[in-house]
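Presented below is the structure to which this report refers.
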Amino acid sequence: MSERSAAAPAGSPAWPREHYLNIAYGLRSWLLTKDHKRIALLYLASVTLFFFIGGAFAVLMRLELMTPQGDLLTADGYNRFFTMHGVTMVFFFLIPGVPAVLGNFLIPMMIGARDLAFPRLNLLSWYIYVLGGLFTLGAILGGGVDTGWTFYTPYSSTYANSHVIMTALGIFITGFSSILTGLNFIVTVHTMRAPGLSWFRLPLFVWAHYATSAIMILGTPVLAITIVLVALERAFGLGIFDPALGGDPVLFQHLFWFYSHPAVYIMVLPAMGVISELITCFSRKRIFGYTFIAFSSVSIAALGFLVWGHHMFISGQSIYAGMIFSVLSFLVAVPSAIKVFNWTATLHKGTISYSTPMLYAFGFIGLFTIGGLTGLFLSALGLDVHVHDTYFVVAHFHYIMVGGTVMAYLGGIHFWWPKISGRLYPEGWGRLTALIVFIGFNLTFFPQFVVGYLGMPRRYHAYPEEFQILNVMSTAGASILGVGYVVPLIYLIWSMRYGPVAGPNPWDARGLEWRTASPPITENFETTPVVTSEAYDYESAEPGPATEARHV
Amino acid sequence: MSAGTPAGAPLFPEAASTLAGRVDDLYLFLVGVSVLMTALISLGIIFFAVRYRKGAAADRSNPRHHSWPMEIVWIVVPLIVFLFTFAWGAVLFYEGFLPPDDALPIYVVGKQWMWKIQHPGGKREINELHIPVGQPIRLTMTSEDVIHDFYVPAFRVKRDVLPGRYTTLWFEATRTGEYHLFCAEYCGTNHSAMRGRVIVMEPAAFQTWLAGGIAGETMAEAGARLFERYNCDTCHRLGGRGPLLARIYNSRVRLQDGRSVIADETYLRQSILEPAARITAGYKPVMPTFQGQLSETQVLQLIDYIKSLGEPEEEPSEP
Amino acid sequence: MSHRIVPPRVYAIVVVILMILLGATVMANRVDLGPLNIVVALAIAGVKAALVVLYFMEVRYSSRLTWIFAGAGFFWLIILIGLTLSDTLNRDVVVSPFP
Amino acid sequence: MSETHATFAHQFDDASQQTEAGLLGMWTFLITEVLFFGGMFTGYAVYRSAFPAAFAEASLHLDYVVGGVNTAVLLLSSLTMALAVHASQTGRRRSLIVFLIATMILGAAFLGVKVFEYAHKYHEHLIPGPAFVHEGPHASQVELFFSFYFAMTGMHALHMIIGLGILAVLVVMAWRGRFSPEYHAPVVISGLYWHFVDIVWIFLYPLLYLVGAHP
Ligand code: HEA
Ligand code: HEA
Ligand code: CUA
Ligand SMILES: [Cu+2]
């Protein structure tokens, strides 16, 4: 460990002399770190990379869709692009996104622990993720895959002539990184909570991640084995799904969605956890209905496993199974509704400030609501028959995943940026981009609801002319959105060097993570904190424990 | 029902089947609910955000942090709306699987990347489907390779077309005209080119169209020829080794393992391609498989022939 | 390992029962019970698995949390198999005309 | 999964917290294993219910006596593993090493028999794929059965091989005197894994070898 001094504000009282960033320098100190905060930053870098790769594919797709003829890309090219867009965005950006970056960084601090239970496993999970990413990038560079991110058989097992096995391996491998992260979180939350931190004093962020981890543990292995079976079928002619042997291609869909529906909750639950933190801090109020929000996370995770067949209403599935899956899909929407209403109620009689993270939180609630409500259109059997596999579905999930989760992710990054980097980001730029993202987003994806109900199928490289105007709007929106995503990248990097020093608790927030220096020391806390109150203790008259830390 | 922009681009799809208007009703209901809820929530947020903004002198005494009555309201009210919507959607869906008895059968084979359609009268077409208006149509569909999906937006109907299996789809067009036919399940390179037209005609015009062109043999005739060519009749005759096939379609067949099934198209298909899978009670598993010897179209022709041998008089009943 | 140490005698008894059950599966398979064969086979396998979980894996002597974790996997597996079969076993009902 | 030092790692407060975390971690991992194999069991359930006759016919190609003996071998290895855990709890180093090695021998014997069975299937042309040959009315569904047979037993064998690797590490650690009545969590945790692999086989045996009634 070198003793070089940080290129930092000498003499600034709020800047800790030694912290997790300056304790050691050099590539080695990062690649061999066992510190959950550094691993979170490794994830942050790699996840961001994949987001922009996925985004670049999206841009090319949108450009192609400006005109009804397929003139910019070949049909094969387009098919590869949406597949690789979906694969990178889902498996390499959104699923690890909030949990492996923010969850990794914050969970030990939020529960007053020095690290996760298995730090080496944590680092291993990042390496596994990178390995999986390399396989996928290899497949991309080698020419890509064209099966859609859903890999339906028999197309993927027999007919596709692109790099299916390579990509499948990539996803299989990253699956294990997700399993290890989930395992680590579950064990950590069970065994490493600080004295006094009972389950119902945990921040809702932790509850949400616990529920997410449960899904990772229970769902991911099924995806893993399914992918292995497809790869074996492709490579050795093993005939698990082969219709020529009497095999059932719909079986593949069951196994795939048994993971991939719950996986959509992997993508949204952590974001919901972020929102609970943001809303309380910027309305300076304890959360409304703590227990309801906590249990709604758990029940989303549990019920989420019972509805996968709603992706298969018209796939040749039994109509009775379809009905079971439909009614259960409506039931799983209830806990989401609970959260939305409780967040809104939290604002009542709060003291609300419009900081950047809060703007993202508002955006999340609105767009998630729209995305979720259109989910109800899709789970209504007779209506899904018409909108299934049209742009209506594409709009539905982008509203939740981009309008919801990506917004929450950005909100979270801004909120905890002072903790991560020790510096403040430029607030004016922050608010401006939040607005740009919101506008760009709606312009991109709202027209897709309309064009979807009109009947434009998804995964279409060329389309009938009457859909053009709406598609052009969507492309225009995407370019605004693209700008909105590049700007934060620039100013956040800028702020790492030039931003004002944040101090331990710039938001005067109440979570344990704010009770230590920014950036924190490697072991997070000088002494293990003792918890004496409920989470979100914003209204207590005495200066919160956070203020104590500030005088250090 | 079709609104449009000045430029002529539609914003709402044409409705041209008996089902379409009913699907639209459910859609508009849900749009109403969604607009209402989104407005309620976003106006609520905006109202609170302005009223209780930092620095504003609002009454902040006695803030609440939980309330059973409110929780119950916002659990129960959505639940009721949800279950109502479920029931509505389920009814529509169920009826979408119940073709009327007088539905006109048409056969569809999907393959990368075209739709091959054959009318029972023998007329074939590719990527086009001519049908009469006001007449229920029942499609029996299968695929030669990967999964496709037969989608006619104007009718609000769609069904996956699977290899190795039959799926069915029915609709009744209410307006003449030309409508899009899309393949809605990703099926490889030219998925987006696997498009066609559904042409809805007046019944008289449809009859003329059917009769026009080269008068080929009907599907059943073609099937009868295949039946001879593949020597099916060596076994399937009186006193032969296999059961008589007259009036077998839609009858209840007893199987060796004690179960019984309705001899629908799927069953007949399986009997020809994988005879051993379900052995008819009282017979030996001697029938050879014709897998790989018959194309999907030929199988459909054989089935149409078997269907032409009649159906049982009364409803198939539980044994 | 704060919890109690299981005496080897218990292990020995368990393994003897397991061997007897193994014999029982093979014997049960020799009688044709029709569809009941699979039920019997799975029931015996279930008992064997339970013995291994409870004694060899010492769940019987562990905390409630361990019980939950030991059961969760099987519970979710039943969901997976059950709902999948709810489709595949009812396909025929769909394709045939409703009576 | 756990730290190999007799002390405890810095993130824990004490050794018992560390042991608790290690055990919980292994149980969590086993949940994922149940569902990993579960995907194949689901497929099996779907096809077996669809093609009962074909599965019964195919199963006759497996020798249930050989499979039964192998089951017994695996059950015995679970016993020796449990005894190894017991030895580690009571601090008897010698018997710990003996039982671990016994477990490894039984595991290796199981795999040896498996290799022999696979070779036999190869000679009978029952390996799914282009080389598959089977006469009879159910030929293609028989191939389906063998696809499952190889996928399931192959995946199980892979887990056995990993298990043998873990046991080998334990033997070395025990040899070096790393374990004591106070610190032996790695033995317990590896034991859980080994027993789990045994459980998978307990289900595979009747589902693969005993489908149709053997007269
Ligand atoms: C993060 C991702 C995410 C999330 C959270 C969801 C959430 C939901 N999804 Fe979505 N979905 C996807 C991502 C997601 N989905 C993706 C990626 C696909 C496409 C996959 C593919 O094919 O490629 C998809 C596809 C998809 C389909 C299949 C469509 C088709 O292909 O035909 C269906 C069908 O039921 C569905 C339903 C739902 C429902 C009911 C919810 C519910 O959980 C939503 C619940 C939330 C609310 C309902 C909003 C809040 C509620 C209120 C404010 C109360 C309102 C009150 C009243 C109405 C009174 N989704
Ligand atoms: C986490 C998930 C995620 C995210 C974040 C996104 C983000 C975006 N998606 Fe994605 N999308 C999916 C998940 C996601 N998508 C999935 C799962 C599918 C289904 C795939 C399948 O069918 O198999 C899909 C499919 C899909 C389609 C349908 C393709 C088809 O069916 O034919 C479209 C079409 O518009 C689209 C568009 C976009 C756009 C415009 C964005 C934007 O939000 C992206 C914005 C980002 C950028 C713009 C990049 C940043 C900027 C630069 C790189 C600089 C250069 C840019 C400019 C100068 C403009 N997506
Ligand atoms: Cu055929 Cu898409
Ligand atoms: Cu879903």
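Letters A, B, ... mark the chains of the structure tokens in the order given; residue numbers begin at 1 per chain; ligand numbers begin at 1, in order shown.
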For this session: May I have the residues of chain D within 7 Å of chain C, counting only C-alpha atoms, written as a ChimeraX atom specification?
Result: /D:27-28,31,34-35,38,42,46,72,79,82-83,192,195,199,202-203,206,210,213-215
Write out as a short mmCIF file (atom, residue, chain, number, x, y, z; two decimals) with all heavy atoms, in the first residue's frame each polymer residue (protein, DNA or RNA) that has an atom no more than 10 Å from ligand 4, with only C-alpha atoms and all ligand atoms counted.
```cif
data_model
loop_
_atom_site.label_atom_id
_atom_site.label_comp_id
_atom_site.auth_asym_id
_atom_site.auth_seq_id
_atom_site.Cartn_x
_atom_site.Cartn_y
_atom_site.Cartn_z
N TRP A 257 -39.13 -18.68 -19.63
CA TRP A 257 -39.87 -17.62 -18.92
C TRP A 257 -39.96 -17.88 -17.43
O TRP A 257 -40.24 -16.95 -16.67
CB TRP A 257 -41.26 -17.43 -19.54
CG TRP A 257 -41.19 -16.80 -20.91
CD1 TRP A 257 -41.56 -17.38 -22.09
CD2 TRP A 257 -40.71 -15.50 -21.24
NE1 TRP A 257 -41.34 -16.52 -23.13
CE2 TRP A 257 -40.81 -15.36 -22.64
CE3 TRP A 257 -40.20 -14.43 -20.50
CZ2 TRP A 257 -40.43 -14.20 -23.32
CZ3 TRP A 257 -39.81 -13.28 -21.17
CH2 TRP A 257 -39.93 -13.18 -22.57
N PHE A 258 -39.77 -19.14 -17.02
CA PHE A 258 -39.74 -19.37 -15.57
C PHE A 258 -38.64 -18.52 -14.95
O PHE A 258 -38.76 -18.05 -13.83
CB PHE A 258 -39.49 -20.85 -15.25
CG PHE A 258 -39.38 -21.11 -13.75
CD1 PHE A 258 -40.53 -21.27 -13.01
CD2 PHE A 258 -38.16 -21.17 -13.11
CE1 PHE A 258 -40.46 -21.49 -11.63
CE2 PHE A 258 -38.08 -21.39 -11.73
CZ PHE A 258 -39.24 -21.55 -11.00
N TYR A 259 -37.56 -18.35 -15.69
CA TYR A 259 -36.56 -17.40 -15.21
C TYR A 259 -36.89 -15.99 -15.64
O TYR A 259 -36.85 -15.05 -14.85
CB TYR A 259 -35.17 -17.75 -15.74
CG TYR A 259 -34.18 -16.61 -15.55
CD1 TYR A 259 -33.69 -16.31 -14.29
CD2 TYR A 259 -33.80 -15.79 -16.60
CE1 TYR A 259 -32.82 -15.26 -14.09
CE2 TYR A 259 -32.93 -14.73 -16.42
CZ TYR A 259 -32.45 -14.46 -15.16
OH TYR A 259 -31.61 -13.41 -14.96
N SER A 260 -37.21 -15.80 -16.91
CA SER A 260 -37.18 -14.45 -17.45
C SER A 260 -38.34 -13.59 -17.03
O SER A 260 -38.22 -12.38 -17.03
CB SER A 260 -37.08 -14.49 -18.97
OG SER A 260 -35.84 -15.03 -19.32
N HIS A 261 -39.46 -14.19 -16.65
CA HIS A 261 -40.42 -13.28 -16.05
C HIS A 261 -39.95 -12.81 -14.68
O HIS A 261 -39.86 -11.60 -14.45
CB HIS A 261 -41.87 -13.77 -15.99
CG HIS A 261 -42.69 -12.73 -15.33
ND1 HIS A 261 -43.15 -11.63 -16.00
CD2 HIS A 261 -42.97 -12.52 -14.03
CE1 HIS A 261 -43.71 -10.81 -15.14
NE2 HIS A 261 -43.61 -11.33 -13.93
N PRO A 262 -39.64 -13.71 -13.75
CA PRO A 262 -39.11 -13.20 -12.47
C PRO A 262 -37.93 -12.26 -12.69
O PRO A 262 -37.74 -11.31 -11.93
CB PRO A 262 -38.67 -14.48 -11.76
CG PRO A 262 -39.60 -15.52 -12.28
CD PRO A 262 -39.82 -15.16 -13.71
N ALA A 263 -37.16 -12.49 -13.74
CA ALA A 263 -36.02 -11.61 -14.01
C ALA A 263 -36.46 -10.17 -14.24
O ALA A 263 -35.72 -9.24 -13.92
CB ALA A 263 -35.23 -12.10 -15.20
N VAL A 264 -37.67 -9.96 -14.78
CA VAL A 264 -38.07 -8.57 -14.94
C VAL A 264 -38.24 -7.92 -13.57
O VAL A 264 -38.07 -6.72 -13.43
CB VAL A 264 -39.34 -8.39 -15.80
CG1 VAL A 264 -39.22 -9.13 -17.10
CG2 VAL A 264 -40.60 -8.75 -15.07
N TYR A 265 -38.54 -8.73 -12.58
CA TYR A 265 -38.60 -8.16 -11.24
C TYR A 265 -37.21 -8.00 -10.65
O TYR A 265 -37.01 -7.14 -9.79
CB TYR A 265 -39.53 -8.98 -10.34
CG TYR A 265 -40.95 -8.95 -10.86
CD1 TYR A 265 -41.62 -10.10 -11.23
CD2 TYR A 265 -41.61 -7.74 -11.04
CE1 TYR A 265 -42.90 -10.05 -11.75
CE2 TYR A 265 -42.88 -7.68 -11.56
CZ TYR A 265 -43.53 -8.83 -11.92
OH TYR A 265 -44.79 -8.78 -12.44
N GLY A 304 -44.16 -13.44 -8.40
CA GLY A 304 -43.55 -13.29 -9.72
C GLY A 304 -43.20 -14.62 -10.36
O GLY A 304 -43.07 -14.70 -11.58
N PHE A 305 -43.07 -15.67 -9.55
CA PHE A 305 -42.73 -16.97 -10.12
C PHE A 305 -43.94 -17.72 -10.65
O PHE A 305 -43.81 -18.81 -11.17
CB PHE A 305 -42.04 -17.83 -9.06
CG PHE A 305 -40.57 -17.57 -8.96
CD1 PHE A 305 -40.05 -16.74 -7.99
CD2 PHE A 305 -39.70 -18.14 -9.88
CE1 PHE A 305 -38.69 -16.49 -7.92
CE2 PHE A 305 -38.35 -17.90 -9.81
CZ PHE A 305 -37.84 -17.07 -8.84
N LEU A 306 -45.11 -17.15 -10.48
CA LEU A 306 -46.31 -17.91 -10.82
C LEU A 306 -46.97 -17.41 -12.10
O LEU A 306 -48.07 -17.82 -12.43
CB LEU A 306 -47.33 -17.82 -9.68
CG LEU A 306 -46.80 -18.19 -8.30
CD1 LEU A 306 -47.88 -18.02 -7.25
CD2 LEU A 306 -46.32 -19.62 -8.31
N VAL A 307 -46.34 -16.50 -12.81
CA VAL A 307 -47.07 -15.85 -13.90
C VAL A 307 -46.37 -15.98 -15.25
O VAL A 307 -46.79 -15.36 -16.21
CB VAL A 307 -47.28 -14.35 -13.59
CG1 VAL A 307 -47.92 -14.18 -12.25
CG2 VAL A 307 -45.99 -13.58 -13.64
N TRP A 308 -45.32 -16.79 -15.33
CA TRP A 308 -44.49 -16.73 -16.52
C TRP A 308 -45.26 -17.03 -17.81
O TRP A 308 -44.91 -16.52 -18.87
CB TRP A 308 -43.28 -17.64 -16.39
CG TRP A 308 -43.57 -19.11 -16.56
CD1 TRP A 308 -43.71 -19.76 -17.75
CD2 TRP A 308 -43.75 -20.10 -15.54
NE1 TRP A 308 -43.96 -21.10 -17.52
CE2 TRP A 308 -43.99 -21.33 -16.18
CE3 TRP A 308 -43.73 -20.06 -14.15
CZ2 TRP A 308 -44.20 -22.52 -15.49
CZ3 TRP A 308 -43.94 -21.26 -13.45
CH2 TRP A 308 -44.17 -22.46 -14.12
N GLY A 309 -46.32 -17.84 -17.68
CA GLY A 309 -47.04 -18.22 -18.89
C GLY A 309 -47.74 -17.06 -19.59
O GLY A 309 -48.27 -17.24 -20.69
N HIS A 310 -47.72 -15.85 -19.00
CA HIS A 310 -48.40 -14.75 -19.71
C HIS A 310 -47.62 -14.29 -20.93
O HIS A 310 -48.12 -13.48 -21.70
CB HIS A 310 -48.74 -13.59 -18.76
CG HIS A 310 -47.58 -12.83 -18.22
ND1 HIS A 310 -47.66 -12.09 -17.08
CD2 HIS A 310 -46.31 -12.68 -18.64
CE1 HIS A 310 -46.50 -11.52 -16.83
NE2 HIS A 310 -45.67 -11.86 -17.77
N HIS A 311 -46.42 -14.80 -21.11
CA HIS A 311 -45.71 -14.51 -22.36
C HIS A 311 -46.10 -15.50 -23.45
O HIS A 311 -45.61 -15.42 -24.57
CB HIS A 311 -44.20 -14.58 -22.13
CG HIS A 311 -43.71 -13.54 -21.17
ND1 HIS A 311 -43.31 -12.29 -21.58
CD2 HIS A 311 -43.60 -13.54 -19.82
CE1 HIS A 311 -42.95 -11.58 -20.52
NE2 HIS A 311 -43.13 -12.31 -19.44
N MET A 312 -46.93 -16.48 -23.10
CA MET A 312 -47.17 -17.59 -24.01
C MET A 312 -48.65 -17.82 -24.27
O MET A 312 -49.06 -18.92 -24.64
CB MET A 312 -46.58 -18.87 -23.40
CG MET A 312 -45.12 -18.77 -23.08
SD MET A 312 -44.60 -19.98 -21.88
CE MET A 312 -45.15 -21.47 -22.66
N SER A 329 -51.23 -12.99 -13.04
CA SER A 329 -50.54 -11.77 -13.45
C SER A 329 -51.24 -10.54 -12.89
O SER A 329 -50.59 -9.56 -12.52
CB SER A 329 -50.51 -11.64 -14.97
OG SER A 329 -49.90 -12.75 -15.54
N GLY A 375 -48.88 -3.18 -18.71
CA GLY A 375 -48.70 -4.61 -18.43
C GLY A 375 -50.05 -5.28 -18.21
O GLY A 375 -50.25 -6.43 -18.58
N LEU A 378 -51.59 -6.31 -21.33
CA LEU A 378 -50.98 -7.52 -21.88
C LEU A 378 -51.42 -8.77 -21.13
O LEU A 378 -51.46 -9.85 -21.70
CB LEU A 378 -49.46 -7.41 -21.81
CG LEU A 378 -48.87 -6.27 -22.62
CD1 LEU A 378 -47.40 -6.12 -22.33
CD2 LEU A 378 -49.09 -6.52 -24.09
N SER A 379 -51.74 -8.61 -19.85
CA SER A 379 -52.15 -9.82 -19.16
C SER A 379 -53.64 -10.08 -19.29
O SER A 379 -54.12 -11.11 -18.83
CB SER A 379 -51.73 -9.78 -17.68
OG SER A 379 -51.90 -8.49 -17.17
N PHE A 397 -42.39 -2.62 -22.09
CA PHE A 397 -41.23 -2.94 -21.26
C PHE A 397 -40.20 -1.83 -21.26
O PHE A 397 -39.49 -1.66 -20.27
CB PHE A 397 -40.67 -4.33 -21.57
CG PHE A 397 -40.07 -4.60 -22.91
CD1 PHE A 397 -38.86 -4.08 -23.27
CD2 PHE A 397 -40.71 -5.47 -23.79
CE1 PHE A 397 -38.29 -4.38 -24.49
CE2 PHE A 397 -40.15 -5.78 -25.01
CZ PHE A 397 -38.94 -5.22 -25.37
#
```
Considering only C-alpha atoms, tabulate each residue of chain B that lies at most 12 Å from chain C along with its nearest interatomic pair and the corresponding distance in Å to one decimal; arrange the rows by chain and ascending residue number and present them as CSV.
```
residue,atom,partner,partner_atom,distance
B:Tyr94,CA,C:Val94,CA,10.0
B:Glu95,CA,C:Phe98,CA,11.1
B:Gly96,CA,C:Val94,CA,11.4
B:Phe97,CA,C:Val94,CA,7.9
B:Leu98,CA,C:Pro97,CA,7.4
B:Pro99,CA,C:Pro97,CA,8.2
B:Pro100,CA,C:Pro97,CA,9.8
B:Asp101,CA,C:Pro97,CA,9.3
B:Arg138,CA,C:Pro97,CA,11.8
B:Thr140,CA,C:Val95,CA,10.2
B:Met141,CA,C:Val95,CA,11.6
B:Arg165,CA,C:Val95,CA,10.1
B:Tyr166,CA,C:Val95,CA,8.0
B:Thr167,CA,C:Val95,CA,7.1
B:Thr168,CA,C:Val95,CA,7.5
B:Leu169,CA,C:Val95,CA,10.3
B:Tyr249,CA,C:Ser96,CA,10.9
B:Asn250,CA,C:Pro97,CA,8.0
B:Ser251,CA,C:Ser96,CA,10.4
B:Arg252,CA,C:Ser96,CA,10.5
B:Asp257,CA,C:Gly34,CA,9.7
B:Gly258,CA,C:Gly34,CA,10.8
B:Ser260,CA,C:Asp92,CA,10.9
B:Val261,CA,C:Asp92,CA,8.1
B:Ile262,CA,C:Ser96,CA,6.5
B:Ala263,CA,C:Ser96,CA,7.9
B:Asp264,CA,C:Ser96,CA,5.8
B:Glu265,CA,C:Ser96,CA,8.3
B:Thr266,CA,C:Val95,CA,7.3
B:Tyr267,CA,C:Ser96,CA,9.0
B:Leu268,CA,C:Ser96,CA,11.5
B:Glu314,CA,C:Pro99,CA,10.9
B:Glu315,CA,C:Pro99,CA,7.1
B:Pro316,CA,C:Pro99,CA,7.2
B:Ser317,CA,C:Pro99,CA,7.9
B:Glu318,CA,C:Pro99,CA,9.6
```
For this session: Step by step, measure atom-to-atom distances between ligand 3 and each residue using only C-alpha atoms and all ligand atoms, keep those at most 7 Å, then write them as a list of chain:residue names.
Result: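 Checking only C-alpha atoms and all ligand atoms against ligand 3 at 7 Å gives B:Gly110, B:Lys111, B:Gln112, B:Trp113, B:Ile147, B:His148, B:Asp149, B:Cys183, B:Ala184, B:Glu185, B:Tyr186, B:Cys187, B:Gly188, B:His191, B:Ser192, B:Met194.
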Problem set entry | Selection as a VMD selection string: residues within 6 Å of ligand 2 by only C-alpha atoms and all ligand atoms | chain A and resid 52 55 to 56 58 to 59 62 82 to 83 86 89 to 90 94 148 to 149 394 401 to 402 458 to 460 478 to 479 481 to 482 485 to 486
For this session: Within 6 Å of chain A, which residues of chain B are there when counting only C-alpha atoms? Please give them as JSON, numbers by chain.
Result: {"B": [9, 12, 13, 23, 48, 52, 53, 54, 60, 63, 65, 66, 82, 86, 89, 90, 92, 93, 146, 153, 156, 157, 158, 159, 160, 164, 184, 189, 192]}
Problem set entry | From A:Leu359, A:Val531, A:Gln448, A:Thr191, residue lying nearest chain C [only C-alpha atoms] |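 Looking only at the distances to chain C, the closest residue turns out to be A:Thr191.
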Exercise. What separation in Å, quoted to one decimal, exists between CA of Ile75 (chain B) and CA of Phe295 (chain A)?
Worked result: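 For CA of Ile75 (chain B) relative to CA of Phe295 (chain A), the distance reads 13.1 Å.
Distance criterion 9 Å to chain D, applied with only C-alpha atoms, yields Asp257, Glu274, Pro275, Ala276, Ala277, Arg278, Pro285, Val286, Met287, Pro288 and Thr289 of chain B on chain B.
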Problem set entry | region 71-319 of chain B: residues DSSP assigns to strand (DSSP E), reported as a PyMOL selection string | chain B and resi 104-111+114-118+124-126+128-132+136-143+148-152+157-161+167-172+177-183+196-201+252-254+260-262
Exercise. In Å, how far is it from CA of Phe200 (chain A) to CA of Pro69 (chain B)?
Worked result: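 Separating CA of Phe200 (chain A) from CA of Pro69 (chain B) is a distance of 21.3 Å.
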For this session: May I ask which of the residues D:Gly107, D:Gly154, D:Gly129, D:Gly191 is the closest one to chain A, counting only C-alpha atoms?
Result: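 Ranking D:Gly107, D:Gly154, D:Gly129, D:Gly191 by distance to chain A, first place goes to D:Gly129.
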Problem set entry | Selection near Leu204 (chain D), 10 Å with only C-alpha atoms, sequence-local residues under 2 positions removed, as a list in words |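 Skipping anything fewer than 2 positions along the chain leaves Ala45 of chain C; Phe41, Gly67, Thr71, Tyr149, Met152, Thr153, His156, Asp198, Ile199, Val200, Trp201, Ile202, Pro206, Leu207, Leu208, Tyr209 and Leu210 of chain D.
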Problem set entry | Distance query Leu294 (chain B) at most 10 Å, only C-alpha atoms, self and fewer than 6 positions along chain excluded, as a list of chain:residue names |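 My reading of the contact set: B:Leu226, B:Tyr230, B:Ile272, B:Leu273, B:Leu300, B:Leu302.
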Using all heavy atoms, can you export the residues from the last selection as a compact mmCIF listing (two decimals), in the first residue's frame?
```txt
# COMPACT_ATOMS: atom_id res chain seq x y z
N LEU B 226 -53.22 -39.88 -52.58
CA LEU B 226 -52.11 -40.24 -51.69
C LEU B 226 -52.42 -41.52 -50.93
O LEU B 226 -51.56 -42.36 -50.70
CB LEU B 226 -51.85 -39.10 -50.69
CG LEU B 226 -51.22 -37.85 -51.28
CD1 LEU B 226 -51.29 -36.71 -50.27
CD2 LEU B 226 -49.77 -38.13 -51.66
N TYR B 230 -49.72 -44.42 -51.16
CA TYR B 230 -48.95 -44.94 -50.03
C TYR B 230 -49.54 -46.22 -49.46
O TYR B 230 -49.21 -46.64 -48.36
CB TYR B 230 -48.84 -43.86 -48.94
CG TYR B 230 -47.87 -42.77 -49.33
CD1 TYR B 230 -48.29 -41.62 -49.98
CD2 TYR B 230 -46.51 -42.93 -49.09
CE1 TYR B 230 -47.40 -40.65 -50.37
CE2 TYR B 230 -45.60 -41.96 -49.48
CZ TYR B 230 -46.05 -40.81 -50.11
OH TYR B 230 -45.16 -39.86 -50.50
N ILE B 272 -50.76 -40.55 -38.31
CA ILE B 272 -50.06 -40.83 -39.57
C ILE B 272 -48.55 -40.74 -39.38
O ILE B 272 -47.81 -41.58 -39.88
CB ILE B 272 -50.54 -39.85 -40.67
CG1 ILE B 272 -52.04 -40.03 -40.89
CG2 ILE B 272 -49.77 -40.07 -41.95
CD1 ILE B 272 -52.67 -38.97 -41.76
N LEU B 273 -48.12 -39.72 -38.64
CA LEU B 273 -46.67 -39.49 -38.56
C LEU B 273 -46.02 -40.27 -37.42
O LEU B 273 -44.86 -40.66 -37.53
CB LEU B 273 -46.39 -38.00 -38.41
CG LEU B 273 -46.84 -37.17 -39.61
CD1 LEU B 273 -46.54 -35.70 -39.38
CD2 LEU B 273 -46.18 -37.65 -40.89
N LEU B 300 -51.95 -32.71 -44.65
CA LEU B 300 -53.23 -32.00 -44.56
C LEU B 300 -54.22 -32.54 -45.60
O LEU B 300 -55.41 -32.66 -45.33
CB LEU B 300 -53.01 -30.50 -44.77
CG LEU B 300 -52.44 -29.78 -43.55
CD1 LEU B 300 -52.00 -28.37 -43.91
CD2 LEU B 300 -53.48 -29.72 -42.43
N LEU B 302 -54.30 -35.63 -46.79
CA LEU B 302 -54.80 -36.91 -46.29
C LEU B 302 -55.87 -36.70 -45.23
O LEU B 302 -56.90 -37.38 -45.21
CB LEU B 302 -53.65 -37.72 -45.69
CG LEU B 302 -52.81 -38.53 -46.68
CD1 LEU B 302 -51.56 -39.06 -46.00
CD2 LEU B 302 -53.65 -39.69 -47.22
```
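The nearest approach to Val109 (chain B) among the residues B:Ala222, B:Ile72, B:Ser295, B:Met201, with only C-alpha atoms taken into account, belongs to B:Ser295.
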